[in-house]
file target_37.cif (mmCIF, C-alpha atoms; chains and numbers go by the auth columns)
data_work
#
loop_
_atom_site.group_PDB
_atom_site.id
_atom_site.type_symbol
_atom_site.label_atom_id
_atom_site.label_comp_id
_atom_site.label_asym_id
_atom_site.label_seq_id
_atom_site.Cartn_x
_atom_site.Cartn_y
_atom_site.Cartn_z
_atom_site.B_iso_or_equiv
_atom_site.auth_seq_id
_atom_site.auth_asym_id
ATOM 1 C CA ALA A 1 11.274 3.804 -12.601 0.00 410 F
ATOM 2 C CA GLN A 2 9.628 0.496 -12.005 0.00 411 F
ATOM 3 C CA SER A 3 6.063 -0.248 -13.064 0.00 412 F
ATOM 4 C CA VAL A 4 3.558 -2.928 -12.205 0.00 413 F
ATOM 5 C CA THR A 5 0.667 -4.143 -14.332 0.00 414 F
ATOM 6 C CA GLN A 6 -2.200 -6.122 -12.897 0.00 415 F
ATOM 7 C CA LEU A 7 -4.281 -7.696 -15.624 0.00 416 F
ATOM 8 C CA GLY A 8 -7.951 -7.750 -14.768 0.00 417 F
ATOM 9 C CA SER A 9 -9.315 -5.153 -12.393 0.00 418 F
ATOM 10 C CA HIS A 10 -12.093 -7.545 -11.389 0.00 419 F
ATOM 11 C CA VAL A 11 -11.909 -11.326 -11.030 0.00 420 F
ATOM 12 C CA SER A 12 -14.785 -13.575 -9.995 0.00 421 F
ATOM 13 C CA VAL A 13 -14.385 -17.187 -8.965 0.00 422 F
ATOM 14 C CA SER A 14 -16.668 -19.753 -7.423 0.00 423 F
ATOM 15 C CA GLU A 15 -16.046 -20.889 -3.896 0.00 424 F
ATOM 16 C CA GLY A 16 -13.591 -23.788 -4.019 0.00 425 F
ATOM 17 C CA ALA A 17 -12.225 -22.852 -7.439 0.00 426 F
ATOM 18 C CA LEU A 18 -8.667 -21.848 -8.292 0.00 427 F
ATOM 19 C CA VAL A 19 -7.729 -18.222 -7.752 0.00 428 F
ATOM 20 C CA LEU A 20 -5.271 -16.684 -10.227 0.00 429 F
ATOM 21 C CA LEU A 21 -4.400 -13.003 -10.031 0.00 430 F
ATOM 22 C CA ARG A 22 -1.888 -11.732 -12.563 0.00 431 F
ATOM 23 C CA CYS A 23 0.977 -9.347 -12.040 0.00 432 F
ATOM 24 C CA ASN A 24 3.709 -8.292 -14.456 0.00 433 F
ATOM 25 C CA TYR A 25 6.534 -5.949 -13.636 0.00 434 F
ATOM 26 C CA SER A 26 9.096 -3.988 -15.583 0.00 435 F
ATOM 27 C CA SER A 27 12.621 -4.224 -14.311 0.00 436 F
ATOM 28 C CA SER A 28 16.017 -4.800 -15.795 0.00 437 F
ATOM 29 C CA VAL A 29 17.316 -6.360 -12.604 0.00 438 F
ATOM 30 C CA PRO A 30 15.728 -8.941 -10.304 0.00 439 F
ATOM 31 C CA PRO A 31 13.320 -6.960 -8.169 0.00 440 F
ATOM 32 C CA TYR A 32 11.735 -7.446 -4.799 0.00 441 F
ATOM 33 C CA LEU A 33 8.053 -8.236 -5.299 0.00 442 F
ATOM 34 C CA PHE A 34 5.115 -8.179 -2.952 0.00 443 F
ATOM 35 C CA TRP A 35 1.454 -9.057 -2.816 0.00 444 F
ATOM 36 C CA TYR A 36 -0.789 -7.182 -0.419 0.00 445 F
ATOM 37 C CA VAL A 37 -4.466 -7.724 0.381 0.00 446 F
ATOM 38 C CA GLN A 38 -6.878 -5.010 1.404 0.00 447 F
ATOM 39 C CA TYR A 39 -10.192 -5.822 3.010 0.00 448 F
ATOM 40 C CA PRO A 40 -12.960 -3.200 2.986 0.00 449 F
ATOM 41 C CA ASN A 41 -12.171 -0.186 5.146 0.00 450 F
ATOM 42 C CA GLN A 42 -8.816 -1.580 6.173 0.00 451 F
ATOM 43 C CA GLY A 43 -5.189 -0.946 5.331 0.00 452 F
ATOM 44 C CA LEU A 44 -2.973 -3.175 3.221 0.00 453 F
ATOM 45 C CA GLN A 45 -1.836 -6.457 4.737 0.00 454 F
ATOM 46 C CA LEU A 46 1.252 -8.268 3.472 0.00 455 F
ATOM 47 C CA LEU A 47 0.407 -11.630 1.880 0.00 456 F
ATOM 48 C CA LEU A 48 3.869 -12.639 0.691 0.00 457 F
ATOM 49 C CA LYS A 49 7.111 -11.304 -0.725 0.00 458 F
ATOM 50 C CA TYR A 50 9.762 -12.459 -3.164 0.00 459 F
ATOM 51 C CA THR A 51 13.357 -11.884 -2.107 0.00 460 F
ATOM 52 C CA SER A 52 15.192 -14.084 -4.633 0.00 461 F
ATOM 53 C CA ALA A 53 15.636 -16.936 -2.167 0.00 462 F
ATOM 54 C CA ALA A 54 13.110 -19.158 -3.945 0.00 463 F
ATOM 55 C CA THR A 55 10.966 -18.644 -7.027 0.00 464 F
ATOM 56 C CA LEU A 56 7.868 -20.147 -5.404 0.00 465 F
ATOM 57 C CA VAL A 57 6.824 -18.110 -2.421 0.00 466 F
ATOM 58 C CA LYS A 58 4.237 -19.214 0.098 0.00 467 F
ATOM 59 C CA GLY A 59 2.224 -16.660 2.002 0.00 468 F
ATOM 60 C CA ILE A 60 -0.563 -16.431 4.490 0.00 469 F
ATOM 61 C CA ASN A 61 -4.101 -17.780 4.047 0.00 470 F
ATOM 62 C CA GLY A 62 -2.993 -20.449 1.576 0.00 471 F
ATOM 63 C CA PHE A 63 -1.775 -18.066 -1.109 0.00 472 F
ATOM 64 C CA GLU A 64 1.412 -18.514 -3.074 0.00 473 F
ATOM 65 C CA ALA A 65 3.127 -16.761 -5.950 0.00 474 F
ATOM 66 C CA GLU A 66 5.723 -17.820 -8.480 0.00 475 F
ATOM 67 C CA PHE A 67 8.444 -15.534 -9.772 0.00 476 F
ATOM 68 C CA LYS A 68 9.126 -16.099 -13.474 0.00 477 F
ATOM 69 C CA LYS A 69 11.990 -13.981 -14.687 0.00 478 F
ATOM 70 C CA SER A 70 11.524 -14.924 -18.347 0.00 479 F
ATOM 71 C CA GLU A 71 7.941 -13.693 -18.240 0.00 480 F
ATOM 72 C CA THR A 72 8.579 -10.825 -15.777 0.00 481 F
ATOM 73 C CA SER A 73 5.599 -12.129 -13.853 0.00 482 F
ATOM 74 C CA PHE A 74 4.660 -12.755 -10.251 0.00 483 F
ATOM 75 C CA HIS A 75 1.170 -14.218 -10.382 0.00 484 F
ATOM 76 C CA LEU A 76 -0.743 -14.977 -7.187 0.00 485 F
ATOM 77 C CA THR A 77 -2.611 -18.254 -6.803 0.00 486 F
ATOM 78 C CA LYS A 78 -4.688 -20.157 -4.311 0.00 487 F
ATOM 79 C CA PRO A 79 -5.937 -23.679 -5.044 0.00 488 F
ATOM 80 C CA SER A 80 -9.367 -23.281 -3.477 0.00 489 F
ATOM 81 C CA ALA A 81 -11.124 -19.958 -2.985 0.00 490 F
ATOM 82 C CA HIS A 82 -12.912 -19.199 0.249 0.00 491 F
ATOM 83 C CA MET A 83 -15.587 -16.598 0.813 0.00 492 F
ATOM 84 C CA SER A 84 -13.235 -14.763 3.151 0.00 493 F
ATOM 85 C CA ASP A 85 -10.789 -14.212 0.261 0.00 494 F
ATOM 86 C CA ALA A 86 -13.044 -11.564 -1.251 0.00 495 F
ATOM 87 C CA ALA A 87 -10.930 -8.410 -1.153 0.00 496 F
ATOM 88 C CA GLU A 88 -8.707 -6.107 -3.190 0.00 497 F
ATOM 89 C CA TYR A 89 -5.277 -7.445 -4.057 0.00 498 F
ATOM 90 C CA PHE A 90 -2.264 -5.303 -4.909 0.00 499 F
ATOM 91 C CA CYS A 91 1.001 -6.326 -6.457 0.00 500 F
ATOM 92 C CA ALA A 92 4.003 -4.123 -5.717 0.00 501 F
ATOM 93 C CA VAL A 93 7.647 -3.917 -6.705 0.00 502 F
ATOM 94 C CA SER A 94 10.274 -2.210 -4.625 0.00 503 F
ATOM 95 C CA GLU A 95 13.423 -0.414 -5.577 0.00 504 F
ATOM 96 C CA GLY A 96 15.216 0.439 -2.368 0.00 505 F
ATOM 97 C CA ASN A 97 12.690 2.310 -0.244 0.00 506 F
ATOM 98 C CA GLN A 98 10.455 3.114 -3.202 0.00 507 F
ATOM 99 C CA PHE A 99 7.358 1.004 -3.688 0.00 508 F
ATOM 100 C CA TYR A 100 5.414 0.914 -6.941 0.00 509 F
ATOM 101 C CA PHE A 101 1.913 -0.478 -6.685 0.00 510 F
ATOM 102 C CA GLY A 102 -0.346 -1.888 -9.333 0.00 511 F
ATOM 103 C CA THR A 103 -3.879 -0.610 -9.681 0.00 512 F
ATOM 104 C CA GLY A 104 -5.292 -3.608 -7.859 0.00 513 F
ATOM 105 C CA THR A 105 -7.559 -6.558 -8.620 0.00 514 F
ATOM 106 C CA SER A 106 -10.893 -6.915 -6.881 0.00 515 F
ATOM 107 C CA LEU A 107 -11.626 -10.557 -6.138 0.00 516 F
ATOM 108 C CA THR A 108 -15.231 -11.689 -5.807 0.00 517 F
ATOM 109 C CA VAL A 109 -15.994 -15.178 -4.525 0.00 518 F
ATOM 110 C CA ILE A 110 -19.334 -16.601 -5.612 0.00 519 F
ATOM 111 C CA PRO A 111 -20.992 -19.054 -3.226 0.00 520 F
ATOM 112 C CA GLU B 1 3.555 -6.033 18.738 0.00 1435 B
ATOM 113 C CA ALA B 2 1.282 -3.131 17.918 0.00 1436 B
ATOM 114 C CA GLY B 3 0.844 -2.272 14.262 0.00 1437 B
ATOM 115 C CA VAL B 4 0.742 1.112 12.598 0.00 1438 B
ATOM 116 C CA VAL B 5 -1.868 3.292 14.272 0.00 1439 B
ATOM 117 C CA GLN B 6 -3.768 6.014 12.458 0.00 1440 B
ATOM 118 C CA SER B 7 -6.399 8.449 13.594 0.00 1441 B
ATOM 119 C CA PRO B 8 -9.038 9.441 12.904 0.00 1442 B
ATOM 120 C CA ARG B 9 -10.392 6.524 10.873 0.00 1443 B
ATOM 121 C CA TYR B 10 -12.978 8.691 9.184 0.00 1444 B
ATOM 122 C CA LYS B 11 -13.252 12.432 8.675 0.00 1445 B
ATOM 123 C CA ILE B 12 -15.916 14.492 6.956 0.00 1446 B
ATOM 124 C CA ILE B 13 -15.271 18.179 6.373 0.00 1447 B
ATOM 125 C CA GLU B 14 -16.468 20.956 4.147 0.00 1448 B
ATOM 126 C CA LYS B 15 -14.242 22.278 1.402 0.00 1449 B
ATOM 127 C CA LYS B 16 -11.787 25.003 2.371 0.00 1450 B
ATOM 128 C CA GLN B 17 -11.581 23.639 5.916 0.00 1451 B
ATOM 129 C CA PRO B 18 -8.288 22.347 7.343 0.00 1452 B
ATOM 130 C CA VAL B 19 -7.784 18.723 8.332 0.00 1453 B
ATOM 131 C CA ALA B 20 -5.018 16.734 10.000 0.00 1454 B
ATOM 132 C CA PHE B 21 -4.199 13.056 10.150 0.00 1455 B
ATOM 133 C CA TRP B 22 -1.998 11.359 12.703 0.00 1456 B
ATOM 134 C CA CYS B 23 0.173 8.263 12.393 0.00 1457 B
ATOM 135 C CA ASN B 24 2.186 6.282 14.917 0.00 1458 B
ATOM 136 C CA PRO B 25 4.480 3.737 13.243 0.00 1459 B
ATOM 137 C CA ILE B 26 5.587 0.356 14.493 0.00 1460 B
ATOM 138 C CA SER B 27 8.077 0.748 17.304 0.00 1461 B
ATOM 139 C CA GLY B 28 11.634 0.855 16.003 0.00 1462 B
ATOM 140 C CA HIS B 29 10.679 1.577 12.405 0.00 1463 B
ATOM 141 C CA ASN B 30 12.678 4.569 11.252 0.00 1464 B
ATOM 142 C CA THR B 31 11.061 4.948 7.834 0.00 1465 B
ATOM 143 C CA LEU B 32 7.548 6.355 7.588 0.00 1466 B
ATOM 144 C CA TYR B 33 5.410 6.816 4.492 0.00 1467 B
ATOM 145 C CA TRP B 34 2.224 8.680 3.725 0.00 1468 B
ATOM 146 C CA TYR B 35 0.205 7.430 0.773 0.00 1469 B
ATOM 147 C CA LEU B 36 -2.891 8.643 -0.994 0.00 1470 B
ATOM 148 C CA GLN B 37 -5.313 5.998 -2.233 0.00 1471 B
ATOM 149 C CA ASN B 38 -8.134 6.974 -4.537 0.00 1472 B
ATOM 150 C CA LEU B 39 -11.096 4.686 -5.018 0.00 1473 B
ATOM 151 C CA GLY B 40 -10.185 1.708 -7.179 0.00 1474 B
ATOM 152 C CA GLN B 41 -6.507 2.632 -7.321 0.00 1475 B
ATOM 153 C CA GLY B 42 -3.292 1.550 -5.691 0.00 1476 B
ATOM 154 C CA PRO B 43 -1.537 3.692 -3.092 0.00 1477 B
ATOM 155 C CA GLU B 44 0.498 6.624 -4.366 0.00 1478 B
ATOM 156 C CA LEU B 45 3.368 7.954 -2.303 0.00 1479 B
ATOM 157 C CA LEU B 46 3.012 11.466 -0.917 0.00 1480 B
ATOM 158 C CA ILE B 47 6.056 11.659 1.329 0.00 1481 B
ATOM 159 C CA ARG B 48 8.695 9.429 2.887 0.00 1482 B
ATOM 160 C CA TYR B 49 10.610 10.107 6.079 0.00 1483 B
ATOM 161 C CA GLU B 50 13.881 8.615 7.238 0.00 1484 B
ATOM 162 C CA ASN B 51 13.757 9.376 10.955 0.00 1485 B
ATOM 163 C CA GLU B 52 12.750 13.041 11.084 0.00 1486 B
ATOM 164 C CA GLU B 53 14.010 13.934 7.619 0.00 1487 B
ATOM 165 C CA ALA B 54 11.676 14.078 4.627 0.00 1488 B
ATOM 166 C CA VAL B 55 13.772 12.332 1.976 0.00 1489 B
ATOM 167 C CA ASP B 56 11.132 12.133 -0.765 0.00 1490 B
ATOM 168 C CA ASP B 57 8.330 14.681 -0.938 0.00 1491 B
ATOM 169 C CA SER B 58 8.299 15.148 -4.697 0.00 1492 B
ATOM 170 C CA GLN B 59 4.646 14.061 -4.975 0.00 1493 B
ATOM 171 C CA LEU B 60 3.354 16.161 -2.079 0.00 1494 B
ATOM 172 C CA PRO B 61 1.233 19.122 -3.277 0.00 1495 B
ATOM 173 C CA LYS B 62 3.059 21.662 -1.195 0.00 1496 B
ATOM 174 C CA ASP B 63 0.627 24.488 -1.797 0.00 1497 B
ATOM 175 C CA ARG B 64 -1.919 22.847 0.472 0.00 1498 B
ATOM 176 C CA PHE B 65 -0.324 19.749 2.002 0.00 1499 B
ATOM 177 C CA SER B 66 2.241 19.673 4.770 0.00 1500 B
ATOM 178 C CA ALA B 67 3.696 16.963 6.948 0.00 1501 B
ATOM 179 C CA GLU B 68 5.954 16.709 9.937 0.00 1502 B
ATOM 180 C CA ARG B 69 7.717 14.068 11.973 0.00 1503 B
ATOM 181 C CA LEU B 70 9.353 16.130 14.658 0.00 1504 B
ATOM 182 C CA LYS B 71 10.910 13.490 16.898 0.00 1505 B
ATOM 183 C CA GLY B 72 11.332 10.806 14.283 0.00 1506 B
ATOM 184 C CA VAL B 73 8.449 8.759 15.623 0.00 1507 B
ATOM 185 C CA ASP B 74 4.841 9.762 14.990 0.00 1508 B
ATOM 186 C CA SER B 75 3.823 11.987 12.116 0.00 1509 B
ATOM 187 C CA THR B 76 1.078 14.391 11.122 0.00 1510 B
ATOM 188 C CA LEU B 77 -0.198 15.098 7.623 0.00 1511 B
ATOM 189 C CA LYS B 78 -2.182 18.287 7.132 0.00 1512 B
ATOM 190 C CA ILE B 79 -4.302 19.688 4.336 0.00 1513 B
ATOM 191 C CA GLN B 80 -5.201 23.364 4.324 0.00 1514 B
ATOM 192 C CA PRO B 81 -7.497 24.231 2.685 0.00 1515 B
ATOM 193 C CA ALA B 82 -9.137 20.972 1.636 0.00 1516 B
ATOM 194 C CA GLU B 83 -10.641 20.643 -1.836 0.00 1517 B
ATOM 195 C CA LEU B 84 -13.310 18.294 -3.143 0.00 1518 B
ATOM 196 C CA GLY B 85 -10.672 16.300 -5.006 0.00 1519 B
ATOM 197 C CA ASP B 86 -8.862 15.490 -1.769 0.00 1520 B
ATOM 198 C CA SER B 87 -11.546 12.958 -0.854 0.00 1521 B
ATOM 199 C CA ALA B 88 -9.619 9.698 -0.593 0.00 1522 B
ATOM 200 C CA VAL B 89 -8.033 7.308 1.871 0.00 1523 B
ATOM 201 C CA TYR B 90 -4.776 8.443 3.418 0.00 1524 B
ATOM 202 C CA LEU B 91 -2.554 5.546 4.382 0.00 1525 B
ATOM 203 C CA CYS B 92 0.449 5.564 6.642 0.00 1526 B
ATOM 204 C CA ALA B 93 3.087 2.841 6.475 0.00 1527 B
ATOM 205 C CA SER B 94 6.367 2.157 8.214 0.00 1528 B
ATOM 206 C CA SER B 95 9.409 0.011 7.648 0.00 1529 B
ATOM 207 C CA SER B 96 12.742 -0.767 9.220 0.00 1530 B
ATOM 208 C CA SER B 97 15.671 0.184 7.028 0.00 1531 B
ATOM 209 C CA GLY B 98 18.838 -1.817 6.996 0.00 1532 B
ATOM 210 C CA THR B 99 17.602 -5.127 5.665 0.00 1533 B
ATOM 211 C CA LEU B 100 16.313 -5.736 2.186 0.00 1534 B
ATOM 212 C CA PRO B 101 13.638 -5.960 1.070 0.00 1535 B
ATOM 213 C CA ASP B 102 12.284 -3.008 2.959 0.00 1536 B
ATOM 214 C CA THR B 103 8.855 -4.440 3.763 0.00 1537 B
ATOM 215 C CA GLN B 104 6.220 -1.821 4.459 0.00 1538 B
ATOM 216 C CA TYR B 105 3.525 -2.318 7.057 0.00 1539 B
ATOM 217 C CA PHE B 106 0.351 -0.311 6.657 0.00 1540 B
ATOM 218 C CA GLY B 107 -2.079 1.282 9.038 0.00 1541 B
ATOM 219 C CA PRO B 108 -5.867 1.097 8.537 0.00 1542 B
ATOM 220 C CA GLY B 109 -6.001 4.477 6.845 0.00 1543 B
ATOM 221 C CA THR B 110 -8.070 7.618 7.263 0.00 1544 B
ATOM 222 C CA ARG B 111 -11.000 8.007 4.911 0.00 1545 B
ATOM 223 C CA LEU B 112 -11.484 11.690 4.124 0.00 1546 B
ATOM 224 C CA THR B 113 -14.691 13.018 2.628 0.00 1547 B
ATOM 225 C CA VAL B 114 -14.731 16.640 1.525 0.00 1548 B
ATOM 226 C CA LEU B 115 -18.207 18.087 0.949 0.00 1549 B
#

call {"tool": "encode", "arguments": {"input": "target_37.cif", "output": "structure tokens"}}
result
Amino acid sequence: AQSVTQLGSHVSVSEGALVLLRCNYSSSVPPYLFWYVQYPNQGLQLLLKYTSAATLVKGINGFEAEFKKSETSFHLTKPSAHMSDAAEYFCAVSEGNQFYFGTGTSLTVIP
Amino acid sequence: EAGVVQSPRYKIIEKKQPVAFWCNPISGHNTLYWYLQNLGQGPELLIRYENEEAVDDSQLPKDRFSAERLKGVDSTLKIQPAELGDSAVYLCASSSSGTLPDTQYFGPGTRLTVL
């Protein structure tokens, strides 16, 4: 089975600073990878997904992620954090219809 | 296009009481998922339906949990009787099979509190 590791359960950044949320996966074949965001009391919203078309994937709200096969990573970045980015972020890997989620990273944005 | 609809959004019950959650997936999505999300954790799959067939229910605690998707559209998840440890958010998601990757779209969830 696949597994996903999100390093850092809590990340704090200042408003305007770079956001970097880490995700590593375990897979022997190129996987499909996803980042979801969850705002308080809401469901998960798809930010972006990797489908092997391009290693740098752009998503909504200015986020992007880069697939690095050699590092088995799919880190999420945003050049400049906004207060509205404060939320829980989940990395996921899919194998057919099965999704495997990481434990999440809570992002705090400091004014 | 309407998203995944779930109701109720919040439910508070006493232990040993029954409870039911309802989910209506995105129109045309034949795959439906129920997830359990504990505080500070990622979603964990309870059951997956392909149309009306439960194709993966290995993580569903069948002694107290049941689910149905009678006409292959909306679905109900039931707990009877509820225990204190069932307090969590129950998420429903849907996807359209046939194209990879099978992107899942989530509803807002039902937050269950068992007292």

call {"tool": "atom_distance", "arguments": {"input": "target_37.cif", "atom1": "atom CA of B:Asp1536", "atom2": "atom CA of B:Val1523"}}
result
22.8 Å

call {"tool": "closest_residue", "arguments": {"input": "target_37.cif", "among": "F:Val428, F:Val502, F:Ala463, F:Ala490", "to": "F:Trp444", "atoms": "all atoms listed in the file"}}
result
F:Val502

call {"tool": "residues_around", "arguments": {"input": "target_37.cif", "residues": "B:Gln1471", "least_positions_apart": "5", "cutoff": "8 Å", "atoms": "only C-alpha atoms", "output": "number ranges by chain"}}
result
B: 1476-1478, 1522-1525

call {"tool": "resolve_selection", "arguments": {"input": "target_37.cif", "expression": "the PyMOL selection byres ((chain B) within 6 of (chain F))", "output": "tab-separated table (two decimals) with C-alpha atoms, keeping the file's coordinate frame"}}
result
chain	number	residue	atom	x	y	z
B	1475	GLN	CA	-6.51	2.63	-7.32
B	1476	GLY	CA	-3.29	1.55	-5.69
B	1540	PHE	CA	0.35	-0.31	6.66
B	1541	GLY	CA	-2.08	1.28	9.04
B	1542	PRO	CA	-5.87	1.10	8.54
B	1543	GLY	CA	-6.00	4.48	6.84

call {"tool": "atom_distance", "arguments": {"input": "target_37.cif", "atom1": "atom CA of F:Gly471", "atom2": "atom CA of B:His1463"}}
result
28.1 Å

call {"tool": "atom_distance", "arguments": {"input": "target_37.cif", "atom1": "atom CA of F:Ala474", "atom2": "atom CA of B:Ser1531"}}
result
24.8 Å

call {"tool": "resolve_selection", "arguments": {"input": "target_37.cif", "expression": "the PyMOL selection byres ((chain B and resi 1515) around 6)", "output": "VMD selection string"}}
result
chain B and resid 1450 to 1452 1513 to 1514 1516
